[in-house]
Amino acid sequence: MTFTTTAITAKAALLHAVGGPFRIERIEVALPREDEVLVRMVGVGVCHTDIVCRDGFPVPLPIVLGHEGAGIVEAVGARVTHLRPGDPVVLSFNSCGHCHSCEKDHPATCAQFIPSNFAGRRLADGSTPLSKDGADVNGMFFGQSSFATYAIARALNTVKVPGKAPLHLLGPLGCGIQTGAGAVINSLKPTPGDSLAIFGGGAVGLSALLAARAIDVDKVFVVEPNPERRALALELGAAEAIDPRDGRVVEDVLKELSGGGVSFAIDATGIPAVIGQAINVTLPGGTVGLIGVPPPDGQIPATLLDLLVKGVTLRPITEGDANPQTFIPYMIDLYLAGRFPFDRLITTFPFEQINEAMHAAEKGSAIKPVLVF
Ligand SMILES: [Zn+2]
Ligand SMILES: [Zn+2]
């Protein structure tokens with residue numbers, strides 16, 4: 001494509017007010033700066049963080065959200081060397097690229113994680129590539145704002161993927177699926193003989209299950225109140241799926257099933273009382289991975305003495321502690337080998353049905369909605 005102007009027109013889902021709805025409108029997208037990429041979106045996942053931001057987590061308005069984009073590179077900036085027009089790509093989270101964590105290949109703990117993903121602006125100069133009728137529209141959400149037919153991403157968070165994978169389904173590998181799978185593979189690193197309890201069977205928890213099964217961990221227990229999700233967990237290889245509302249004490253059930261306790265637990269709920277259950281069922285010396293987003297005033301539901309005596313480690317994990325440039329291709333390789341069927345978690349919707357897709361995620365009828373363009 002040859003560009004004769006400095007911007008192109010795109011259709012985007014704009015959020016004008018807390019609570020929504022999203023409205024599909026025409027916007028202008030500026031051409032990429034030297035370290036940026038213009039991507040034509042093919043599919044984009046809906047993640048819990050999009051819903052949280054719609055409902056008041058502080059982002060500037062109006063804004064284009066969306067942070068699980070997959071598409072085709074249309075144009076690259078002058079300094080971009082690892083991508084070219086026509087490349088299929090997945091967009092992941094943004095990071096500064098030069099803090100202590102970024103230098104050490106752990107961009108998920110970037111010191112600038114919040115501003116580089118939630119400020120609605122470029123970190124470098126506070127500008128935005130998006131506008132409507134000459135007025136700024138906030139963008140660069142997770143370095144992409146991919147609820148739009150075209151997005152500007154940074155080369156740094158744009159990951160080239162193999163052409164043989166189904167591109168329209170790959171977007172969630174950039175956030176939700178990476179979060180669950182990375183927690184298992186990058187952070188907790190269970191071995192086949194270990195046991196793992198996963199609290200919460202949504203997209204993130206079930207991605208943790210898929211990852212554990214991909215590395216041959218057999219004893220995986222999923223705790224989830226929604227019966228359809230429990231059934232899916234069993235189909236995807238959970239040893240047991242436990243209903244936390246069936247009147248039994250969850251810790252007792254898990255200890256019985258696991259023979260006394262689990263080596264690892266993952267909380268994908270962010271609910272302090274559930275994290276307490278995870279701590280209680282973890283064996284001495286074990287680790288509890290914390291990946292659910294807790295309430296702002298949430299406290300650890302254990303005393304320091306409890307933790308000291310049990311020797312349980314609490315491990316907060318964001319974005320699966322993944323470097324997306326290597327971890328996303330790794331997950332795709334597992335998928336193509338038939339060992340990581342993340343597509344089982346996905347329900348597709350046309351892009352125009354973004355509000356319906358979010359509603360489906362909220363009421364639990366879709367685990368991972370993906371909007372298709
Ligand atoms: Zn950084
Ligand atoms: Zn996300």
# chains A, B, ... in the order shown; residues from 1 in each chain; ligands from 1
$ residues_around --residues "Cys53 of chain A" --least-positions-apart "5" --cutoff "10 Å" --atoms "only C-alpha atoms" --output "list in words"
Leu15, Val18, Gly19, Gly20, His48, Pro58, Val59, Pro60, Leu65 and Phe118 of chain A
$ residues_near_ligand --ligand "ligand 2" --cutoff "12 Å" --atoms "only C-alpha atoms and all ligand atoms" --output "ChimeraX atom specification"
/A:44-53,65-69,91-94,117-118,141-142,145-146,171-180,203-204,291-293,318-320,368
$ write_last_selection --atoms "C-alpha atoms" --output "JSON list (two decimals), in the first residue's frame"
[["chain", "number", "residue", "atom", "x", "y", "z"],
["A", 44, "VAL", "CA", -9.09, -8.94, 18.61],
["A", 45, "GLY", "CA", -9.86, -10.63, 21.89],
["A", 46, "VAL", "CA", -11.93, -9.11, 24.66],
["A", 47, "CYS", "CA", -10.05, -9.28, 27.96],
["A", 48, "HIS", "CA", -11.30, -8.62, 31.48],
["A", 49, "THR", "CA", -9.08, -5.52, 31.58],
["A", 50, "ASP", "CA", -11.08, -3.96, 28.71],
["A", 51, "ILE", "CA", -14.24, -4.42, 30.78],
["A", 52, "VAL", "CA", -12.58, -3.01, 33.91],
["A", 53, "CYS", "CA", -11.42, 0.05, 31.97],
["A", 65, "LEU", "CA", -9.47, 0.17, 24.04],
["A", 66, "GLY", "CA", -8.57, -3.33, 22.83],
["A", 67, "HIS", "CA", -5.30, -5.09, 23.69],
["A", 68, "GLU", "CA", -5.40, -8.57, 22.18],
["A", 69, "GLY", "CA", -5.03, -7.64, 18.53],
["A", 91, "LEU", "CA", 0.09, -7.42, 19.45],
["A", 92, "SER", "CA", 0.98, -7.77, 23.12],
["A", 93, "PHE", "CA", 1.43, -5.47, 26.10],
["A", 94, "ASN", "CA", 3.65, -2.41, 25.98],
["A", 117, "ASN", "CA", -0.34, 0.60, 28.86],
["A", 118, "PHE", "CA", -3.04, 2.81, 30.39],
["A", 141, "PHE", "CA", -3.92, 1.35, 25.03],
["A", 142, "PHE", "CA", -1.45, -1.47, 25.77],
["A", 145, "SER", "CA", -5.80, 0.25, 20.89],
["A", 146, "SER", "CA", -6.92, -2.61, 18.69],
["A", 171, "GLY", "CA", -4.97, -12.14, 19.52],
["A", 172, "PRO", "CA", -5.68, -13.53, 23.02],
["A", 173, "LEU", "CA", -2.19, -15.04, 23.03],
["A", 174, "GLY", "CA", -1.04, -11.44, 23.53],
["A", 175, "CYS", "CA", -2.66, -11.07, 26.96],
["A", 176, "GLY", "CA", -5.22, -13.37, 28.58],
["A", 177, "ILE", "CA", -3.90, -16.70, 27.37],
["A", 178, "GLN", "CA", -0.30, -15.60, 27.85],
["A", 179, "THR", "CA", -1.17, -14.61, 31.42],
["A", 180, "GLY", "CA", -2.44, -18.07, 32.38],
["A", 203, "ALA", "CA", -9.95, -17.70, 30.08],
["A", 204, "VAL", "CA", -6.89, -17.16, 32.26],
["A", 291, "ILE", "CA", -2.68, -13.69, 38.73],
["A", 292, "GLY", "CA", -6.25, -12.49, 39.39],
["A", 293, "VAL", "CA", -6.64, -8.74, 39.84],
["A", 318, "THR", "CA", 1.58, -10.22, 35.58],
["A", 319, "GLU", "CA", 1.29, -11.15, 31.90],
["A", 320, "GLY", "CA", 2.66, -14.61, 32.68],
["A", 368, "LYS", "CA", -12.93, -15.67, 25.54]]
$ closest_atom_pairs --of "chain A" --to "ligand 1" --cutoff "7 Å" --atoms "only C-alpha atoms and all ligand atoms" --output "CSV"
residue,atom,partner,partner_atom_place_in_ligand_line,distance
A:Ser95,CA,ligand 1,1 (Zn),5.0
A:Cys96,CA,ligand 1,1 (Zn),3.9
A:Gly97,CA,ligand 1,1 (Zn),4.8
A:His98,CA,ligand 1,1 (Zn),5.2
A:Cys99,CA,ligand 1,1 (Zn),4.1
A:His100,CA,ligand 1,1 (Zn),6.6
A:Ser101,CA,ligand 1,1 (Zn),5.7
A:Cys102,CA,ligand 1,1 (Zn),4.4
A:Pro107,CA,ligand 1,1 (Zn),5.8
A:Cys110,CA,ligand 1,1 (Zn),3.6
A:Ala111,CA,ligand 1,1 (Zn),5.1
A:Gln112,CA,ligand 1,1 (Zn),5.5
A:Phe113,CA,ligand 1,1 (Zn),6.9
$ select_by_dssp --residues "segment 67-206 of chain A" --states "strand (DSSP E)" --output "VMD selection string"
chain A and resid 69 to 76 88 to 91 130 to 132 135 to 137 150 to 154 158 to 160 195 to 199
$ write_last_selection --atoms "C-alpha atoms" --output "compact mmCIF listing (two decimals), in the first residue's frame"
# COMPACT_ATOMS: atom_id res chain seq x y z
CA GLY A 69 -5.03 -7.64 18.53
CA ALA A 70 -3.94 -9.84 15.63
CA GLY A 71 -3.57 -8.66 12.08
CA ILE A 72 -1.40 -7.90 9.09
CA VAL A 73 1.36 -5.30 9.01
CA GLU A 74 0.46 -2.53 6.52
CA ALA A 75 3.38 -0.16 7.08
CA VAL A 76 6.43 0.14 9.32
CA PRO A 88 1.01 -11.66 10.23
CA VAL A 89 1.43 -10.35 13.78
CA VAL A 90 0.03 -10.54 17.29
CA LEU A 91 0.09 -7.42 19.45
CA LEU A 130 -5.73 8.78 16.84
CA SER A 131 -8.08 11.68 16.13
CA LYS A 132 -11.64 12.40 15.08
CA ALA A 135 -9.71 16.43 17.96
CA ASP A 136 -7.44 13.98 19.79
CA VAL A 137 -8.77 10.53 20.62
CA TYR A 150 -6.38 -0.24 11.92
CA ALA A 151 -4.06 0.19 14.88
CA ILE A 152 -0.72 1.80 15.55
CA ALA A 153 1.46 -0.46 17.68
CA ARG A 154 5.07 -0.21 18.73
CA THR A 158 4.40 -6.45 17.78
CA VAL A 159 5.23 -10.14 17.40
CA LYS A 160 5.59 -11.85 14.02
CA SER A 195 0.04 -31.19 41.48
CA LEU A 196 -1.64 -27.87 40.70
CA ALA A 197 -4.91 -26.33 41.91
CA ILE A 198 -6.35 -23.56 39.75
CA PHE A 199 -8.94 -21.28 41.32
$ residues_around --residues "Leu345 of chain A" --least-positions-apart "4" --cutoff "9 Å" --atoms "only C-alpha atoms" --output "list in words"
Gly202, Ala203, Leu206, Ser207, Leu232, Pro341, Ala366, Ile367, Lys368 and Pro369 of chain A
$ write_last_selection --atoms "C-alpha atoms" --output "mmCIF file, in the first residue's frame"
data_model
loop_
_atom_site.group_PDB
_atom_site.id
_atom_site.type_symbol
_atom_site.label_atom_id
_atom_site.label_comp_id
_atom_site.auth_asym_id
_atom_site.auth_seq_id
_atom_site.Cartn_x
_atom_site.Cartn_y
_atom_site.Cartn_z
ATOM 1 C CA GLY A 202 -12.258 -18.408 33.014
ATOM 2 C CA ALA A 203 -9.951 -17.698 30.085
ATOM 3 C CA LEU A 206 -8.213 -22.515 31.722
ATOM 4 C CA SER A 207 -5.130 -21.277 29.851
ATOM 5 C CA LEU A 232 -14.856 -27.809 29.680
ATOM 6 C CA PRO A 341 -5.855 -26.163 22.027
ATOM 7 C CA ALA A 366 -18.479 -16.850 26.381
ATOM 8 C CA ILE A 367 -15.106 -17.591 27.979
ATOM 9 C CA LYS A 368 -12.929 -15.668 25.541
ATOM 10 C CA PRO A 369 -14.812 -13.569 22.990
#
$ select_by_dssp --residues "segment 158-296 of chain A" --states "helix (DSSP H, G or I)" --output "JSON, numbers by chain"
{"A": [167, 168, 169, 171, 172, 173, 174, 176, 177, 178, 179, 180, 181, 182, 183, 184, 185, 186, 187, 188, 203, 204, 205, 206, 207, 208, 209, 210, 211, 212, 213, 214, 227, 228, 229, 230, 231, 232, 233, 234, 235, 250, 251, 252, 253, 254, 255, 256, 257, 258, 272, 273, 274, 275, 276, 277, 278, 279, 280, 281]}
$ atom_distance --atom1 "atom CA of Arg213 of chain A" --atom2 "atom CA of Ile328 of chain A"
17.4 Å
